[in-house]
>>> print(open('protein-v1.csv').read())   # CSV, C-alpha atoms
chain,number,residue,atom,x,y,z
L,3,MET,CA,-36.1,3.3,96.6
L,4,ASP,CA,-33.8,0.5,97.4
L,5,ALA,CA,-30.1,1.0,98.0
L,6,THR,CA,-29.4,-2.5,96.7
L,7,THR,CA,-30.4,-1.8,93.1
L,8,GLY,CA,-26.8,-0.7,92.3
L,9,TYR,CA,-27.5,2.7,90.9
L,10,LEU,CA,-26.4,4.8,93.8
L,11,GLY,CA,-23.0,5.7,92.4
L,12,HIS,CA,-24.0,6.0,88.7
L,13,GLY,CA,-24.7,9.1,86.7
L,14,THR,CA,-23.4,12.6,86.6
L,15,ALA,CA,-22.6,14.5,89.8
L,16,ALA,CA,-25.9,16.5,89.3
L,17,GLU,CA,-27.9,13.3,89.0
L,18,ARG,CA,-26.3,11.7,92.0
L,19,TRP,CA,-26.9,15.0,94.0
L,20,GLU,CA,-30.6,14.8,93.1
L,21,ARG,CA,-30.8,11.1,94.0
L,22,ALA,CA,-29.1,11.8,97.4
L,23,ARG,CA,-31.6,14.6,98.1
L,24,LEU,CA,-34.5,12.3,97.2
L,25,PHE,CA,-33.2,9.6,99.6
L,26,PHE,CA,-32.6,12.3,102.3
L,27,ASP,CA,-36.1,13.7,101.8
L,28,ALA,CA,-37.5,10.2,102.0
L,29,LYS,CA,-35.7,9.8,105.4
L,30,GLU,CA,-33.5,7.1,103.9
L,31,TYR,CA,-30.4,8.5,105.4
L,32,ALA,CA,-27.9,5.6,104.9
L,33,PRO,CA,-28.2,5.5,101.1
L,34,ALA,CA,-28.2,9.3,101.0
L,35,ALA,CA,-24.9,9.3,103.0
L,36,GLN,CA,-23.4,6.7,100.7
L,37,ILE,CA,-24.0,8.9,97.6
L,38,LEU,CA,-23.0,12.1,99.4
L,39,HIS,CA,-19.8,10.7,100.8
L,40,ALA,CA,-18.6,10.0,97.2
L,41,LEU,CA,-19.7,13.4,96.1
L,42,ALA,CA,-18.0,15.1,99.0
L,43,GLN,CA,-14.8,13.2,98.2
L,44,GLU,CA,-15.0,14.2,94.5
L,45,ALA,CA,-15.6,17.9,95.2
L,46,PRO,CA,-14.4,18.8,98.8
L,47,GLU,CA,-14.6,22.5,97.9
L,48,GLN,CA,-18.4,22.3,97.7
L,49,LEU,CA,-20.2,23.0,100.9
L,50,ALA,CA,-23.7,21.8,100.2
L,51,PRO,CA,-23.0,18.1,99.7
L,52,ARG,CA,-20.8,18.0,102.8
L,53,LEU,CA,-23.5,19.7,105.0
L,54,LEU,CA,-26.1,17.3,103.7
L,55,LEU,CA,-23.7,14.4,104.3
L,56,ALA,CA,-23.3,15.5,107.9
L,57,ARG,CA,-27.0,15.8,108.3
L,58,ALA,CA,-27.5,12.3,106.9
L,59,TYR,CA,-24.9,10.9,109.3
L,60,TYR,CA,-26.6,12.8,112.2
L,61,HIS,CA,-30.1,11.5,111.3
L,62,SER,CA,-28.9,8.0,110.9
L,63,ALA,CA,-27.2,8.1,114.4
L,64,GLN,CA,-23.7,7.9,112.9
L,65,LEU,CA,-22.6,10.6,115.3
L,66,SER,CA,-18.9,10.2,115.1
L,67,ARG,CA,-19.0,10.4,111.3
L,68,ALA,CA,-21.2,13.5,111.6
L,69,GLU,CA,-18.8,15.1,114.0
L,70,HIS,CA,-15.8,14.3,111.8
L,71,GLU,CA,-17.5,15.8,108.7
L,72,LEU,CA,-18.7,18.9,110.6
L,73,ARG,CA,-15.2,19.6,112.1
L,74,ALA,CA,-13.8,19.3,108.5
L,75,ILE,CA,-16.4,21.7,107.2
L,76,LEU,CA,-15.6,24.2,110.0
L,77,GLU,CA,-11.9,23.9,109.4
L,78,ARG,CA,-12.5,25.0,105.8
L,79,TRP,CA,-15.4,27.4,106.5
L,80,PRO,CA,-15.0,28.6,110.1
L,81,VAL,CA,-18.0,31.0,109.8
L,82,GLU,CA,-20.5,28.4,108.7
L,83,ASP,CA,-23.0,28.9,111.5
L,84,TYR,CA,-25.3,26.0,110.5
L,85,ALA,CA,-22.3,23.6,110.7
L,86,ARG,CA,-21.4,25.1,114.0
L,87,LEU,CA,-25.0,24.5,115.3
L,88,MET,CA,-25.0,21.0,113.9
L,89,LEU,CA,-21.7,20.2,115.6
L,90,GLY,CA,-23.1,21.4,118.9
L,91,ARG,CA,-26.3,19.3,118.5
L,92,THR,CA,-24.2,16.3,117.5
L,93,LEU,CA,-22.0,16.7,120.6
L,94,GLU,CA,-25.1,17.1,122.8
L,95,ARG,CA,-26.6,13.9,121.3
L,96,SER,CA,-23.3,12.1,122.0
L,97,GLY,CA,-23.7,13.0,125.7
L,98,ARG,CA,-21.0,15.8,125.5
L,99,ALA,CA,-23.0,18.8,126.6
L,100,ASP,CA,-20.1,20.7,128.1
L,101,GLU,CA,-18.2,20.4,124.8
L,102,ALA,CA,-21.3,21.3,122.8
L,103,ARG,CA,-22.1,24.5,124.7
L,104,PRO,CA,-19.4,26.8,123.2
L,105,HIS,CA,-20.4,25.7,119.7
L,106,LEU,CA,-24.1,26.3,120.3
L,107,ARG,CA,-23.3,29.8,121.8
L,108,MET,CA,-21.1,30.7,118.8
L,109,ALA,CA,-23.7,29.5,116.3
L,110,ALA,CA,-26.4,31.6,118.0
L,111,ALA,CA,-24.1,34.6,118.0
L,112,MET,CA,-23.2,34.1,114.3
L,113,ALA,CA,-26.9,33.9,113.5
L,114,GLY,CA,-27.6,37.1,115.4
L,115,GLU,CA,-29.3,35.5,118.3
L,116,PHE,CA,-28.0,37.1,121.4
L,117,PRO,CA,-29.3,36.1,124.9
L,118,GLU,CA,-31.2,38.8,126.7
L,119,ARG,CA,-29.5,40.3,129.7
>>> encode(input="protein-v1.csv", output="structure tokens")
Amino acid sequence: MDATTGYLGHGTAAERWERARLFFDAKEYAPAAQILHALAQEAPEQLAPRLLLARAYYHSAQLSRAEHELRAILERWPVEDYARLMLGRTLERSGRADEARPHLRMAAAMAGEFPER
């Protein structure tokens, strides 16, 4: 698929969601992010497009955008453990391990993964 063909933003929300998932699955994260960004703006109350958008940003090394989206997700859904884990990983990848640590610990605890004593 080629992002320059001009069909990224066309179709119903369901069609664009499917197209974004196809791009994501093909590891074409930039066009996936382009579609997902529009979907997330249209329906900010839907978690799935926003999480996939954050993942697309992360995988395309757009770490500040991933961080911004993940913080917005966690503001709205504070118990979303996967977003918490992704934020920790994003901060780690950004060289901010100390800032990442509490997010990673919280994500593990939320997922029921407790360190052994």
>>> atom_distance(input="protein-v1.csv", atom1="atom CA of Gly13 of chain L", atom2="atom CA of Ile75 of chain L")
25.5 Å
>>> residues_around(input="protein-v1.csv", residues="Ser66 of chain L", least_positions_apart="4", cutoff="10 Å", atoms="all atoms listed in the file", output="PyMOL selection string")
chain L and resi 56+59-60+70-72+92-93+96
>>> residues_near_point(input="protein-v1.csv", point="(-24.5, 23.3, 121.6)", cutoff="9 Å", atoms="only C-alpha atoms", output="number ranges by chain")
L: 86-94, 99-109
>>> residues_around(input="protein-v1.csv", residues="Ala16 of chain L", least_positions_apart="6", cutoff="12 Å", atoms="all atoms listed in the file", output="list of chain:residue names")
L:Ala22, L:Arg23, L:Ile37, L:Leu38, L:Leu41, L:Ala45, L:Pro51
>>> closest_residue(input="protein-v1.csv", among="L:Ala15, L:Ala74, L:Ala63, L:Leu53", to="Ala32 of chain L", atoms="all atoms listed in the file")
L:Ala63
>>> atom_distance(input="protein-v1.csv", atom1="atom CA of Ala34 of chain L", atom2="atom CA of Gly97 of chain L")
25.4 Å
>>> atom_distance(input="protein-v1.csv", atom1="atom CA of Ala28 of chain L", atom2="atom CA of Gln64 of chain L")
17.7 Å
>>> closest_residue(input="protein-v1.csv", among="L:Met112, L:Ala42, L:Ala58, L:Ala50", to="Phe25 of chain L", atoms="only C-alpha atoms")
L:Ala58
>>> build_atoms(input="protein-v1.csv", residues="segment 103-114 of chain L", atoms="all heavy atoms", output="short mmCIF file (atom, residue, chain, number, x, y, z; two decimals), keeping the file's coordinate frame")
data_model
loop_
_atom_site.label_atom_id
_atom_site.label_comp_id
_atom_site.auth_asym_id
_atom_site.auth_seq_id
_atom_site.Cartn_x
_atom_site.Cartn_y
_atom_site.Cartn_z
N ARG L 103 -21.63 23.18 124.32
CA ARG L 103 -22.10 24.50 124.70
C ARG L 103 -21.40 25.66 123.96
O ARG L 103 -22.08 26.53 123.42
CB ARG L 103 -21.95 24.68 126.22
CG ARG L 103 -22.84 25.73 126.80
CD ARG L 103 -22.92 25.65 128.33
NE ARG L 103 -23.59 24.42 128.74
CZ ARG L 103 -23.00 23.44 129.45
NH1 ARG L 103 -21.75 23.52 129.83
NH2 ARG L 103 -23.69 22.36 129.78
N PRO L 104 -20.06 25.69 123.88
CA PRO L 104 -19.40 26.80 123.20
C PRO L 104 -19.81 26.87 121.68
O PRO L 104 -19.96 27.95 121.11
CB PRO L 104 -17.94 26.63 123.35
CG PRO L 104 -17.75 25.40 124.15
CD PRO L 104 -19.08 24.83 124.50
N HIS L 105 -19.99 25.71 121.07
CA HIS L 105 -20.40 25.70 119.70
C HIS L 105 -21.79 26.22 119.47
O HIS L 105 -22.05 26.97 118.52
CB HIS L 105 -20.26 24.26 119.10
CG HIS L 105 -18.87 23.74 119.06
ND1 HIS L 105 -17.94 24.17 118.14
CD2 HIS L 105 -18.23 22.84 119.85
CE1 HIS L 105 -16.79 23.57 118.35
NE2 HIS L 105 -16.94 22.74 119.38
N LEU L 106 -22.68 25.85 120.38
CA LEU L 106 -24.10 26.30 120.30
C LEU L 106 -24.13 27.84 120.53
O LEU L 106 -24.87 28.55 119.83
CB LEU L 106 -24.94 25.57 121.27
CG LEU L 106 -25.09 24.08 120.99
CD1 LEU L 106 -25.84 23.39 122.11
CD2 LEU L 106 -25.77 23.85 119.64
N ARG L 107 -23.35 28.33 121.50
CA ARG L 107 -23.30 29.80 121.80
C ARG L 107 -22.77 30.53 120.55
O ARG L 107 -23.31 31.57 120.15
CB ARG L 107 -22.49 30.09 123.00
CG ARG L 107 -23.23 29.88 124.30
CD ARG L 107 -22.55 30.57 125.47
NE ARG L 107 -21.16 30.20 125.64
CZ ARG L 107 -20.71 29.24 126.44
NH1 ARG L 107 -21.55 28.56 127.19
NH2 ARG L 107 -19.43 28.99 126.53
N MET L 108 -21.70 30.01 119.98
CA MET L 108 -21.10 30.70 118.80
C MET L 108 -22.06 30.66 117.64
O MET L 108 -22.19 31.67 116.94
CB MET L 108 -19.78 29.99 118.44
CG MET L 108 -19.00 30.77 117.40
SD MET L 108 -17.43 30.01 116.94
CE MET L 108 -16.60 29.84 118.50
N ALA L 109 -22.74 29.54 117.41
CA ALA L 109 -23.70 29.50 116.30
C ALA L 109 -24.82 30.48 116.49
O ALA L 109 -25.22 31.16 115.54
CB ALA L 109 -24.28 28.05 116.20
N ALA L 110 -25.30 30.61 117.71
CA ALA L 110 -26.40 31.60 118.00
C ALA L 110 -25.86 33.01 117.75
O ALA L 110 -26.55 33.82 117.12
CB ALA L 110 -26.85 31.43 119.43
N ALA L 111 -24.67 33.31 118.19
CA ALA L 111 -24.10 34.60 118.00
C ALA L 111 -23.90 34.92 116.50
O ALA L 111 -24.20 36.02 116.02
CB ALA L 111 -22.80 34.78 118.75
N MET L 112 -23.43 33.93 115.78
CA MET L 112 -23.20 34.10 114.30
C MET L 112 -24.51 34.32 113.59
O MET L 112 -24.54 35.01 112.58
CB MET L 112 -22.47 32.89 113.77
CG MET L 112 -21.03 32.76 114.28
SD MET L 112 -20.33 31.15 113.95
CE MET L 112 -19.77 31.37 112.26
N ALA L 113 -25.58 33.75 114.11
CA ALA L 113 -26.90 33.90 113.50
C ALA L 113 -27.61 35.15 113.97
O ALA L 113 -28.74 35.42 113.57
CB ALA L 113 -27.74 32.65 113.75
N GLY L 114 -26.96 35.91 114.87
CA GLY L 114 -27.60 37.10 115.40
C GLY L 114 -28.51 36.94 116.53
O GLY L 114 -29.30 37.82 116.84
#
